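**Q** So here's coords.cif (mmCIF, C-alpha atoms and all ligand atoms).
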data_my_file
loop_
_atom_site.label_atom_id
_atom_site.label_comp_id
_atom_site.auth_asym_id
_atom_site.auth_seq_id
_atom_site.Cartn_x
_atom_site.Cartn_y
_atom_site.Cartn_z
CA MET A 36 57.55 15.17 3.66
CA PRO A 37 54.10 16.82 3.21
CA GLY A 38 53.86 15.15 -0.20
CA LEU A 39 52.91 11.87 1.41
CA VAL A 40 49.97 13.36 3.33
CA GLU A 41 48.71 15.12 0.25
CA GLU A 42 48.61 11.86 -1.67
CA ILE A 43 46.27 10.17 0.78
CA GLU A 44 42.95 11.87 -0.04
CA PRO A 45 43.21 11.57 -3.85
CA LEU A 46 44.19 7.94 -3.37
CA ARG A 47 41.06 7.29 -1.32
CA ALA A 48 38.83 8.78 -4.04
CA GLU A 49 40.64 6.88 -6.75
CA ALA A 50 40.39 3.56 -4.90
CA ILE A 51 36.69 3.96 -4.15
CA ALA A 52 36.02 4.77 -7.79
CA ALA A 53 37.99 1.69 -8.81
CA PHE A 54 35.98 -0.54 -6.47
CA GLN A 55 32.73 0.86 -7.83
CA ALA A 56 33.89 0.33 -11.38
CA ALA A 57 34.71 -3.34 -10.80
CA SER A 58 32.06 -5.29 -12.64
CA ASP A 59 32.67 -8.68 -11.07
CA ILE A 60 34.33 -10.25 -8.06
CA ALA A 61 37.60 -11.00 -9.93
CA ALA A 62 37.94 -7.37 -11.02
CA LEU A 63 37.22 -6.28 -7.48
CA ASP A 64 39.98 -8.57 -6.17
CA ARG A 65 42.43 -7.00 -8.59
CA ALA A 66 41.39 -3.51 -7.48
CA ARG A 67 41.86 -4.58 -3.86
CA ALA A 68 45.41 -5.76 -4.59
CA THR A 69 46.22 -2.49 -6.35
CA TYR A 70 45.42 -0.41 -3.29
CA LEU A 71 45.43 -2.65 -0.23
CA GLY A 72 47.64 -5.60 -1.22
CA SER A 73 51.11 -6.09 0.29
CA ASN A 74 52.54 -3.98 -2.52
CA GLY A 75 49.37 -1.91 -2.83
CA ARG A 76 49.54 1.84 -3.09
CA LEU A 77 48.08 2.59 0.31
CA THR A 78 50.32 -0.05 1.87
CA LEU A 79 53.33 1.61 0.29
CA LEU A 80 52.30 4.97 1.72
CA MET A 81 52.12 3.33 5.13
CA LYS A 82 55.61 1.97 4.72
CA GLN A 83 56.86 5.49 4.00
CA LEU A 84 55.49 6.84 7.30
CA GLY A 85 58.88 6.30 8.91
CA SER A 86 60.44 8.84 6.58
CA LEU A 87 58.22 11.64 7.94
CA PRO A 88 59.51 14.01 10.62
CA LYS A 89 58.72 12.46 13.98
CA GLU A 90 56.09 15.09 14.95
CA ASP A 91 54.14 14.53 11.70
CA ARG A 92 53.92 10.76 12.01
CA PRO A 93 50.97 10.32 14.44
CA ALA A 94 48.60 12.51 12.40
CA ALA A 95 49.62 10.98 9.09
CA GLY A 96 49.35 7.46 10.52
CA LYS A 97 45.89 8.18 11.82
CA LEU A 98 44.77 9.53 8.46
CA ILE A 99 46.07 6.49 6.62
CA ASN A 100 44.31 4.17 9.05
CA THR A 101 41.01 5.99 8.58
CA VAL A 102 41.36 5.79 4.82
CA LYS A 103 42.24 2.12 5.07
CA ALA A 104 39.10 1.45 7.11
CA ASP A 105 37.00 3.41 4.61
CA LEU A 106 38.42 1.47 1.72
CA GLU A 107 37.81 -1.84 3.43
CA GLU A 108 34.23 -0.86 4.05
CA ALA A 109 33.70 0.31 0.44
CA LEU A 110 35.24 -2.95 -0.71
CA ALA A 111 32.94 -5.05 1.45
CA ARG A 112 29.89 -3.11 0.29
CA ARG A 113 30.80 -3.53 -3.37
CA LYS A 114 31.46 -7.21 -2.82
CA GLU A 115 27.99 -7.63 -1.36
CA GLU A 116 26.44 -5.80 -4.31
CA LEU A 117 28.30 -7.91 -6.81
CA SER A 118 27.39 -11.17 -5.09
CA ALA A 119 23.74 -10.17 -5.06
CA GLU A 120 23.89 -9.17 -8.72
CA ALA A 121 25.31 -12.53 -9.64
CA PHE A 122 22.02 -14.12 -8.63
CA LEU A 123 19.81 -11.70 -10.52
CA PRO A 124 18.53 -12.65 -13.92
CA LYS A 125 20.02 -10.46 -16.62
CA LEU A 126 17.39 -7.80 -17.21
CA PRO A 127 17.01 -5.43 -20.11
CA THR A 128 18.46 -2.12 -19.04
CA ASP A 129 15.78 0.23 -20.34
CA PHE A 130 12.87 -0.09 -17.93
CA THR A 131 10.94 2.67 -19.66
CA LEU A 132 10.36 0.67 -22.82
CA PRO A 133 6.71 -0.31 -23.26
CA GLY A 134 5.92 -3.79 -22.01
CA ARG A 135 4.82 -6.60 -24.21
CA ARG A 136 1.16 -7.16 -24.57
CA ARG A 137 -0.14 -9.99 -22.42
CA ALA A 138 -0.04 -12.98 -24.69
CA LEU A 139 -2.26 -15.12 -22.54
CA GLY A 140 -4.69 -14.73 -19.68
CA ARG A 141 -6.14 -11.64 -18.12
CA LEU A 142 -6.47 -9.82 -14.83
CA HIS A 143 -8.93 -11.07 -12.25
CA PRO A 144 -11.99 -8.78 -12.05
CA LEU A 145 -11.09 -7.83 -8.46
CA THR A 146 -7.61 -6.85 -9.62
CA GLN A 147 -9.10 -4.79 -12.41
CA VAL A 148 -11.43 -2.95 -10.05
CA THR A 149 -8.62 -2.41 -7.52
CA GLU A 150 -6.39 -0.97 -10.23
CA ASP A 151 -9.17 1.37 -11.34
CA ILE A 152 -9.66 2.57 -7.78
CA VAL A 153 -5.93 3.14 -7.30
CA ARG A 154 -5.61 4.96 -10.62
CA SER A 155 -8.43 7.28 -9.71
CA PHE A 156 -7.03 8.17 -6.28
CA ARG A 157 -3.57 8.66 -7.72
CA LYS A 158 -4.96 11.48 -9.86
CA LEU A 159 -5.75 13.23 -6.58
CA GLY A 160 -2.27 12.67 -5.18
CA PHE A 161 -2.93 9.62 -2.99
CA ALA A 162 -0.16 7.10 -2.49
CA VAL A 163 -0.71 3.39 -1.88
CA ALA A 164 0.24 2.04 1.55
CA ASP A 165 -0.07 -1.40 3.03
CA GLY A 166 0.26 -3.27 6.28
CA PRO A 167 0.25 -6.81 7.66
CA GLU A 168 -2.77 -9.10 7.34
CA VAL A 169 -1.81 -10.77 10.63
CA GLU A 170 -2.36 -7.90 13.05
CA ASP A 171 -2.40 -7.30 16.75
CA ASP A 172 -5.31 -6.16 18.85
CA TYR A 173 -3.76 -2.74 19.39
CA HIS A 174 -3.65 -1.71 15.72
CA CYS A 175 -6.85 -3.46 14.66
CA PHE A 176 -9.02 -2.28 17.55
CA GLU A 177 -7.55 -0.46 20.52
CA ALA A 178 -5.80 2.40 18.74
CA LEU A 179 -8.99 2.88 16.71
CA ASN A 180 -11.00 3.42 19.89
CA ILE A 181 -12.91 0.19 19.41
CA PRO A 182 -13.99 -0.69 22.96
CA PRO A 183 -13.09 -4.06 24.52
CA ASP A 184 -16.70 -5.25 24.52
CA HIS A 185 -17.32 -4.39 20.87
CA PRO A 186 -18.74 -7.37 18.92
CA ALA A 187 -16.06 -6.97 16.21
CA ARG A 188 -13.56 -8.31 18.76
CA ASP A 189 -15.61 -11.38 19.53
CA THR A 190 -14.20 -14.78 18.61
CA GLN A 191 -17.41 -15.22 16.63
CA ASP A 192 -16.34 -12.37 14.37
CA THR A 193 -12.54 -12.38 14.32
CA PHE A 194 -10.00 -15.09 13.53
CA TYR A 195 -7.42 -15.21 16.31
CA VAL A 196 -4.13 -16.95 15.57
CA ALA A 197 -3.74 -19.96 17.88
CA GLY A 198 -0.58 -20.10 19.96
CA THR A 199 0.14 -16.37 19.71
CA ASN A 200 -0.41 -13.68 22.26
CA GLY A 201 -3.60 -12.32 20.69
CA LEU A 202 -2.54 -11.97 17.06
CA LEU A 203 -5.47 -11.97 14.69
CA LEU A 204 -6.35 -11.71 11.01
CA ARG A 205 -7.25 -8.09 10.41
CA THR A 206 -10.99 -7.54 10.13
CA HIS A 207 -10.57 -4.31 8.18
CA THR A 208 -7.85 -2.22 6.53
CA SER A 209 -8.21 0.54 9.15
CA PRO A 210 -5.19 -0.63 11.25
CA VAL A 211 -2.98 0.59 8.41
CA GLN A 212 -4.15 4.13 9.23
CA ILE A 213 -2.53 3.72 12.63
CA ARG A 214 0.66 2.19 11.25
CA VAL A 215 1.13 4.94 8.68
CA MET A 216 0.43 7.79 11.09
CA LYS A 217 2.82 6.34 13.67
CA ARG A 218 5.49 6.21 11.03
CA GLN A 219 5.17 9.63 9.45
CA GLN A 220 4.16 13.18 10.22
CA PRO A 221 1.29 14.91 8.38
CA PRO A 222 0.37 15.62 5.66
CA VAL A 223 -0.81 12.08 4.93
CA ARG A 224 -2.67 11.14 1.78
CA ILE A 225 -2.93 7.37 1.35
CA ILE A 226 -5.17 4.60 0.18
CA VAL A 227 -4.80 1.04 1.32
CA PRO A 228 -6.21 -1.74 -0.82
CA GLY A 229 -5.94 -5.07 0.94
CA ARG A 230 -7.35 -8.37 2.07
CA VAL A 231 -9.37 -8.63 5.27
CA TYR A 232 -10.86 -11.55 7.20
CA ARG A 233 -14.06 -12.11 9.13
CA ARG A 234 -15.69 -15.18 10.57
CA ASP A 235 -18.55 -15.00 8.12
CA ASN A 236 -19.83 -18.24 6.69
CA ALA A 237 -19.74 -18.15 2.96
CA ASP A 238 -23.07 -17.29 1.39
CA ALA A 239 -24.02 -15.33 -1.69
CA THR A 240 -22.91 -11.99 -0.23
CA HIS A 241 -20.37 -12.98 2.46
CA ASN A 242 -17.02 -14.71 2.43
CA PRO A 243 -14.49 -15.24 5.23
CA THR A 244 -11.96 -13.20 3.28
CA PHE A 245 -12.65 -10.21 1.09
CA HIS A 246 -10.99 -6.93 0.11
CA GLN A 247 -11.29 -3.36 1.24
CA VAL A 248 -9.86 -0.01 0.35
CA GLU A 249 -9.06 2.35 3.17
CA GLY A 250 -8.43 6.05 2.61
CA LEU A 251 -6.82 8.58 4.92
CA TYR A 252 -6.16 12.26 4.43
CA VAL A 253 -4.60 14.38 7.19
CA ASP A 254 -3.53 17.98 6.90
CA ARG A 255 -4.39 21.38 8.30
CA GLY A 256 -7.99 22.50 7.81
CA VAL A 257 -9.33 19.35 6.12
CA THR A 258 -13.15 19.29 5.96
CA VAL A 259 -16.11 17.00 5.29
CA GLY A 260 -16.42 18.95 2.04
CA ASP A 261 -13.03 17.61 0.93
CA LEU A 262 -14.18 14.11 1.83
CA LYS A 263 -17.40 14.43 -0.12
CA GLY A 264 -15.66 15.94 -3.14
CA THR A 265 -13.07 13.18 -3.18
CA VAL A 266 -15.60 10.36 -2.85
CA GLU A 267 -17.78 11.89 -5.52
CA PHE A 268 -14.87 12.25 -7.96
CA VAL A 269 -13.75 8.66 -7.48
CA PHE A 270 -17.19 7.09 -7.63
CA LYS A 271 -18.09 8.98 -10.79
CA GLU A 272 -14.91 7.63 -12.34
CA LEU A 273 -15.63 4.11 -11.16
CA MET A 274 -19.36 3.89 -11.71
CA GLY A 275 -20.08 6.40 -14.43
CA PRO A 276 -20.69 10.15 -14.68
CA GLU A 277 -24.35 9.93 -13.67
CA THR A 278 -23.40 8.62 -10.26
CA ARG A 279 -24.65 10.61 -7.28
CA ILE A 280 -23.62 10.13 -3.67
CA ARG A 281 -25.14 11.03 -0.34
CA PHE A 282 -23.90 10.95 3.25
CA ARG A 283 -26.03 9.56 6.09
CA PRO A 284 -25.05 10.08 9.73
CA HIS A 285 -23.60 6.93 11.28
CA TYR A 286 -21.31 5.81 14.09
CA PHE A 287 -17.71 4.61 13.96
CA SER A 288 -15.54 4.80 17.05
CA TYR A 289 -12.56 6.18 15.13
CA THR A 290 -14.35 9.02 13.36
CA GLU A 291 -16.51 11.89 14.57
CA PRO A 292 -18.75 12.84 12.88
CA SER A 293 -19.22 9.57 11.00
CA PHE A 294 -21.23 8.78 7.89
CA GLU A 295 -22.30 6.01 5.64
CA ILE A 296 -22.05 6.74 1.96
CA ASP A 297 -24.82 5.74 -0.42
CA PHE A 298 -24.66 6.05 -4.14
CA SER A 299 -27.22 6.06 -6.90
CA ASN A 300 -26.96 5.54 -10.65
CA PRO A 301 -28.46 3.40 -13.43
CA LEU A 302 -26.76 0.31 -11.94
CA THR A 303 -28.44 0.68 -8.55
CA ARG A 304 -31.76 1.19 -10.32
CA LYS A 305 -31.19 -1.98 -12.29
CA MET A 306 -30.82 -3.73 -8.93
CA GLY A 307 -34.19 -2.30 -7.94
CA LYS A 308 -32.77 0.30 -5.52
CA GLU A 309 -32.44 4.04 -5.83
CA TRP A 310 -29.66 4.21 -3.20
CA LEU A 311 -27.15 1.54 -2.22
CA GLU A 312 -24.88 1.74 0.81
CA ILE A 313 -21.27 1.54 -0.28
CA ALA A 314 -18.81 2.87 2.33
CA GLY A 315 -18.18 4.13 5.85
CA CYS A 316 -16.31 7.33 6.56
CA GLY A 317 -15.87 10.32 8.80
CA MET A 318 -13.53 12.88 10.31
CA VAL A 319 -10.67 11.22 12.18
CA HIS A 320 -11.48 11.13 15.90
CA PRO A 321 -9.22 13.37 18.04
CA GLN A 322 -8.51 10.39 20.30
CA VAL A 323 -7.07 8.49 17.30
CA PHE A 324 -4.77 11.44 16.61
CA GLU A 325 -3.71 11.37 20.27
CA ASN A 326 -3.04 7.64 19.98
CA VAL A 327 -0.59 8.15 17.12
CA GLY A 328 1.01 11.27 18.57
CA TYR A 329 -0.58 13.90 16.29
CA ASP A 330 -1.83 17.10 17.91
CA PRO A 331 -5.62 17.21 17.27
CA GLU A 332 -5.57 20.98 17.72
CA VAL A 333 -3.31 21.29 14.70
CA TRP A 334 -4.31 18.44 12.40
CA THR A 335 -7.63 17.45 10.92
CA GLY A 336 -8.40 14.56 8.63
CA TRP A 337 -10.86 12.16 7.20
CA ALA A 338 -10.93 8.46 6.56
CA PHE A 339 -13.13 6.01 4.72
CA GLY A 340 -13.33 2.31 4.00
CA PHE A 341 -15.24 0.31 1.45
CA GLY A 342 -15.43 -3.20 0.08
CA ILE A 343 -13.92 -3.96 -3.30
CA GLU A 344 -16.05 -7.04 -4.00
CA ARG A 345 -19.17 -4.99 -3.47
CA ILE A 346 -18.07 -2.43 -6.04
CA ALA A 347 -17.20 -5.19 -8.51
CA MET A 348 -20.51 -6.96 -7.92
CA ILE A 349 -22.52 -3.84 -8.59
CA ARG A 350 -20.40 -2.84 -11.54
CA TYR A 351 -20.62 -6.18 -13.29
CA GLY A 352 -24.04 -7.28 -11.99
CA ILE A 353 -22.63 -10.26 -10.05
CA THR A 354 -24.98 -11.69 -7.44
CA ASP A 355 -22.79 -14.34 -5.79
CA ILE A 356 -19.52 -13.23 -4.12
CA ARG A 357 -18.14 -16.80 -4.15
CA LEU A 358 -17.68 -16.62 -7.91
CA PHE A 359 -14.64 -14.39 -7.33
CA TYR A 360 -12.75 -17.12 -5.51
CA GLU A 361 -13.66 -20.26 -7.42
CA ASN A 362 -11.37 -19.63 -10.39
CA ASP A 363 -13.95 -20.99 -12.79
CA LEU A 364 -12.74 -19.98 -16.24
CA ARG A 365 -16.30 -19.66 -17.51
CA PHE A 366 -16.64 -16.79 -15.03
CA LEU A 367 -13.16 -15.29 -15.30
CA THR A 368 -12.97 -15.09 -19.08
CA GLN A 369 -15.93 -12.72 -19.13
CA PHE A 370 -13.84 -9.82 -17.82
N1 LIG B 401 -13.42 -0.18 8.95
C1 LIG B 401 -14.83 -0.03 8.57
C2 LIG B 401 -15.39 -1.41 8.22
O1 LIG B 401 -14.64 -2.33 8.04
C3 LIG B 401 -14.96 0.90 7.39
C4 LIG B 401 -14.60 2.30 7.75
C5 LIG B 401 -15.53 3.14 8.29
C6 LIG B 401 -13.31 2.75 7.57
C7 LIG B 401 -15.22 4.45 8.62
C8 LIG B 401 -12.98 4.06 7.91
C9 LIG B 401 -13.95 4.90 8.43
O2 LIG B 401 -11.76 4.55 7.75
O3 LIG B 401 -13.63 6.16 8.73
O4 LIG B 401 -16.57 -1.53 8.12
#
Take the structure in this file and express it as structure tokens.
Ligand code: DAH
**A**
Amino acid sequence: MPGLVEEIEPLRAEAIAAFQAASDIAALDRARATYLGSNGRLTLLMKQLGSLPKEDRPAAGKLINTVKADLEEALARRKEELSAEAFLPKLPTDFTLPGRRRALGRLHPLTQVTEDIVRSFRKLGFAVADGPEVEDDYHCFEALNIPPDHPARDTQDTFYVAGTNGLLLRTHTSPVQIRVMKRQQPPVRIIVPGRVYRRDNADATHNPTFHQVEGLYVDRGVTVGDLKGTVEFVFKELMGPETRIRFRPHYFSYTEPSFEIDFSNPLTRKMGKEWLEIAGCGMVHPQVFENVGYDPEVWTGWAFGFGIERIAMIRYGITDIRLFYENDLRFLTQF
């Protein structure tokens, strides 16, 4: 009776569609009974196995069992979906409709600056990545070539988490470079805005937590020229079209060559300086590529990091970093 075997596949498709179409648990239960219940359609097929010629029975039985297992799995999956949905608030279905205007309140100036930075890098094809604020020594220091005796690792400079095997609060966003590269193959084009921690006592320009943006670009044939062009584009967008930048040679253990970036515009002049230091950067060190399993003979890249508070302070003429964290409405409502 080949008819029986031919019914199995269409029945599978029909049952799965019925499970998917069930819009609540009760409907799903009914669909289950229709196909898998004691008088269900698959169950009835099973009961007819005996009527097949003896030599056809094993294959047909196996097929029915596979389909039964598939249906049970589809059923379980749909059940999970429906139970999760039951807890979700009922949302409007058209997510593309414009949002309502904020009726009350406004974005914190650091959020505004971060969003501007992200928007600008997105125009150049950068995606936003993030990583944990509680890091380990490997990602924060070792994989970035930061030697064991480097002062950044000192307990005077880093918060270590008591009772853990060397976990710490990340002192910069650079460990996310390592995490992203370990996870994906080039090309990589990311920025990482995020909170960082250092054992600085709070004064007008330091705070034990602040924010950075990390950037990383890895591909074939990437040059310092690309780095300079990118930084220039973004800083002109952030700080105005008259903004100029310059690179000064510097040292970072995870880049070679390394630079500090200065910029100059009417804002720096207002602060009495022609040039202000704003970021660190360089070409990703071949050893860092080795550490993440990229071939440094094939891939080249650059990275940079800068402080978000510093950008906001210059942009808005703020002289005390602590104002950002005090939530004083007289300060916040100015932005
Ligand atoms: N991590 C550095 C800091 O916190 C900033 C930095 C410098 C990041 C050079 C980089 C880089 O990616 O290439 O001061």
**Q** Against ligand LIG 401 (chain B), which residues of chain A fall within 8 Å? For each one I want the closest pair of atoms and the distance in Å (one decimal), counting only C-alpha atoms and all ligand atoms, rows by chain and increasing residue number, as CSV.
**A**
residue,atom,partner,partner_atom,distance
A:Thr206,CA,B:LIG401,O1,6.7
A:His207,CA,B:LIG401,O1,4.5
A:Thr208,CA,B:LIG401,N1,6.4
A:Ser209,CA,B:LIG401,N1,5.3
A:Gln212,CA,B:LIG401,O2,7.8
A:Gln247,CA,B:LIG401,O1,7.7
A:Glu249,CA,B:LIG401,O2,5.8
A:Gly250,CA,B:LIG401,O2,6.3
A:Leu251,CA,B:LIG401,O2,7.0
A:Phe287,CA,B:LIG401,C7,5.9
A:Tyr289,CA,B:LIG401,O3,6.5
A:Thr290,CA,B:LIG401,O3,5.5
A:Ser293,CA,B:LIG401,C7,6.9
A:Phe294,CA,B:LIG401,C7,7.4
A:Glu295,CA,B:LIG401,C5,7.8
A:Ala314,CA,B:LIG401,C3,6.7
A:Gly315,CA,B:LIG401,C5,3.7
A:Cys316,CA,B:LIG401,O3,3.6
A:Gly317,CA,B:LIG401,O3,4.7
A:Met318,CA,B:LIG401,O3,6.9
A:Val319,CA,B:LIG401,O3,6.8
A:Trp337,CA,B:LIG401,O3,6.8
A:Ala338,CA,B:LIG401,O3,4.2
A:Phe339,CA,B:LIG401,O2,3.6
A:Gly340,CA,B:LIG401,C6,3.6
A:Phe341,CA,B:LIG401,C3,6.0
**Q** Can those selected residues be exported to a file as a PDB file, in the coordinates of the input so that it contains C-alpha atoms?
**A**
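The resulting file, part25.pdb, is shown below:
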ATOM      1  CA  THR A 206     -10.990  -7.540  10.130  1.00  0.00           C
ATOM      2  CA  HIS A 207     -10.570  -4.310   8.180  1.00  0.00           C
ATOM      3  CA  THR A 208      -7.850  -2.220   6.530  1.00  0.00           C
ATOM      4  CA  SER A 209      -8.210   0.540   9.150  1.00  0.00           C
ATOM      5  CA  GLN A 212      -4.150   4.130   9.230  1.00  0.00           C
ATOM      6  CA  GLN A 247     -11.290  -3.360   1.240  1.00  0.00           C
ATOM      7  CA  GLU A 249      -9.060   2.350   3.170  1.00  0.00           C
ATOM      8  CA  GLY A 250      -8.430   6.050   2.610  1.00  0.00           C
ATOM      9  CA  LEU A 251      -6.820   8.580   4.920  1.00  0.00           C
ATOM     10  CA  PHE A 287     -17.710   4.610  13.960  1.00  0.00           C
ATOM     11  CA  TYR A 289     -12.560   6.180  15.130  1.00  0.00           C
ATOM     12  CA  THR A 290     -14.350   9.020  13.360  1.00  0.00           C
ATOM     13  CA  SER A 293     -19.220   9.570  11.000  1.00  0.00           C
ATOM     14  CA  PHE A 294     -21.230   8.780   7.890  1.00  0.00           C
ATOM     15  CA  GLU A 295     -22.300   6.010   5.640  1.00  0.00           C
ATOM     16  CA  ALA A 314     -18.810   2.870   2.330  1.00  0.00           C
ATOM     17  CA  GLY A 315     -18.180   4.130   5.850  1.00  0.00           C
ATOM     18  CA  CYS A 316     -16.310   7.330   6.560  1.00  0.00           C
ATOM     19  CA  GLY A 317     -15.870  10.320   8.800  1.00  0.00           C
ATOM     20  CA  MET A 318     -13.530  12.880  10.310  1.00  0.00           C
ATOM     21  CA  VAL A 319     -10.670  11.220  12.180  1.00  0.00           C
ATOM     22  CA  TRP A 337     -10.860  12.160   7.200  1.00  0.00           C
ATOM     23  CA  ALA A 338     -10.930   8.460   6.560  1.00  0.00           C
ATOM     24  CA  PHE A 339     -13.130   6.010   4.720  1.00  0.00           C
ATOM     25  CA  GLY A 340     -13.330   2.310   4.000  1.00  0.00           C
ATOM     26  CA  PHE A 341     -15.240   0.310   1.450  1.00  0.00           C
TER      27      PHE A 341
END
**Q** Adding 4 Å on each side of the box along x, y and z that holds all listed atoms of segment 306-319 of chain A, could you give its centre and edge lengths in Å to one decimal, as lines of an AutoDock Vina configuration file?
**A**
center_x = -22.4
center_y = 4.6
center_z = 1.6
size_x = 31.5
size_y = 24.6
size_z = 29.1
**Q** Between atom CA of Gly260 of chain A and atom CA of Met274 of chain A, what distance in Å does the model show, to one decimal?
**A**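 It comes out at 20.6 Å.
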**Q** For the atom pair atom CA of Gly166 of chain A and atom CA of Val211 of chain A, what is the interatomic distance in Å to one decimal place?
**A**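 So the two atoms, atom CA of Gly166 of chain A and atom CA of Val211 of chain A, lie 5.5 Å apart.
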**Q** Could you check which of A:Ala68, A:Leu84, A:Gly134, A:Arg345 is closest to Lys97 of chain A, using only C-alpha atoms?
**A** A:Leu84
**Q** Quick one: distance from atom CA of His174 of chain A to atom CA of Arg357 of chain A in Å, one decimal?
**A**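 Spanning atom CA of His174 of chain A to atom CA of Arg357 of chain A is a straight-line distance of 28.9 Å.
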**Q** Go through A:Ala164, A:Val257, A:Leu39, A:Ala138 one by one, measure the shortest atom-to-atom distance of each to Pro88 of chain A using all atoms listed in the file, and give the residue with the smallest value.
**A** A:Leu39
**Q** Anything within 12 Å of (1.6, 8.9, 9.9): list those residues as a PDB file with C-alpha atoms, in the coordinates of the input, counting all atoms listed in the file and sticking to the file's coordinates.
**A**
ATOM      1  CA  ALA A 164       0.240   2.040   1.550  1.00  0.00           C
ATOM      2  CA  PRO A 210      -5.190  -0.630  11.250  1.00  0.00           C
ATOM      3  CA  VAL A 211      -2.980   0.590   8.410  1.00  0.00           C
ATOM      4  CA  GLN A 212      -4.150   4.130   9.230  1.00  0.00           C
ATOM      5  CA  ILE A 213      -2.530   3.720  12.630  1.00  0.00           C
ATOM      6  CA  ARG A 214       0.660   2.190  11.250  1.00  0.00           C
ATOM      7  CA  VAL A 215       1.130   4.940   8.680  1.00  0.00           C
ATOM      8  CA  MET A 216       0.430   7.790  11.090  1.00  0.00           C
ATOM      9  CA  LYS A 217       2.820   6.340  13.670  1.00  0.00           C
ATOM     10  CA  ARG A 218       5.490   6.210  11.030  1.00  0.00           C
ATOM     11  CA  GLN A 219       5.170   9.630   9.450  1.00  0.00           C
ATOM     12  CA  GLN A 220       4.160  13.180  10.220  1.00  0.00           C
ATOM     13  CA  PRO A 221       1.290  14.910   8.380  1.00  0.00           C
ATOM     14  CA  PRO A 222       0.370  15.620   5.660  1.00  0.00           C
ATOM     15  CA  VAL A 223      -0.810  12.080   4.930  1.00  0.00           C
ATOM     16  CA  ARG A 224      -2.670  11.140   1.780  1.00  0.00           C
ATOM     17  CA  ILE A 225      -2.930   7.370   1.350  1.00  0.00           C
ATOM     18  CA  LEU A 251      -6.820   8.580   4.920  1.00  0.00           C
ATOM     19  CA  TYR A 252      -6.160  12.260   4.430  1.00  0.00           C
ATOM     20  CA  VAL A 253      -4.600  14.380   7.190  1.00  0.00           C
ATOM     21  CA  ASP A 254      -3.530  17.980   6.900  1.00  0.00           C
ATOM     22  CA  VAL A 323      -7.070   8.490  17.300  1.00  0.00           C
ATOM     23  CA  PHE A 324      -4.770  11.440  16.610  1.00  0.00           C
ATOM     24  CA  GLU A 325      -3.710  11.370  20.270  1.00  0.00           C
ATOM     25  CA  ASN A 326      -3.040   7.640  19.980  1.00  0.00           C
ATOM     26  CA  VAL A 327      -0.590   8.150  17.120  1.00  0.00           C
ATOM     27  CA  GLY A 328       1.010  11.270  18.570  1.00  0.00           C
ATOM     28  CA  TYR A 329      -0.580  13.900  16.290  1.00  0.00           C
ATOM     29  CA  ASP A 330      -1.830  17.100  17.910  1.00  0.00           C
ATOM     30  CA  TRP A 334      -4.310  18.440  12.400  1.00  0.00           C
ATOM     31  CA  GLY A 336      -8.400  14.560   8.630  1.00  0.00           C
TER      32      GLY A 336
END
**Q** With all atoms listed in the file as the basis for distance, which of A:Val333, A:Val40, A:Ala109, A:Leu79 is at the shortest distance from Gln55 of chain A?
**A**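 Once distances to Gln55 of chain A are computed over all atoms listed in the file, the minimum belongs to A:Ala109.
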**Q** Using all atoms listed in the file, which of A:Gln147, A:Asn200, A:Thr240, A:Ser86 sits nearest Asp355 of chain A?
**A** A:Thr240
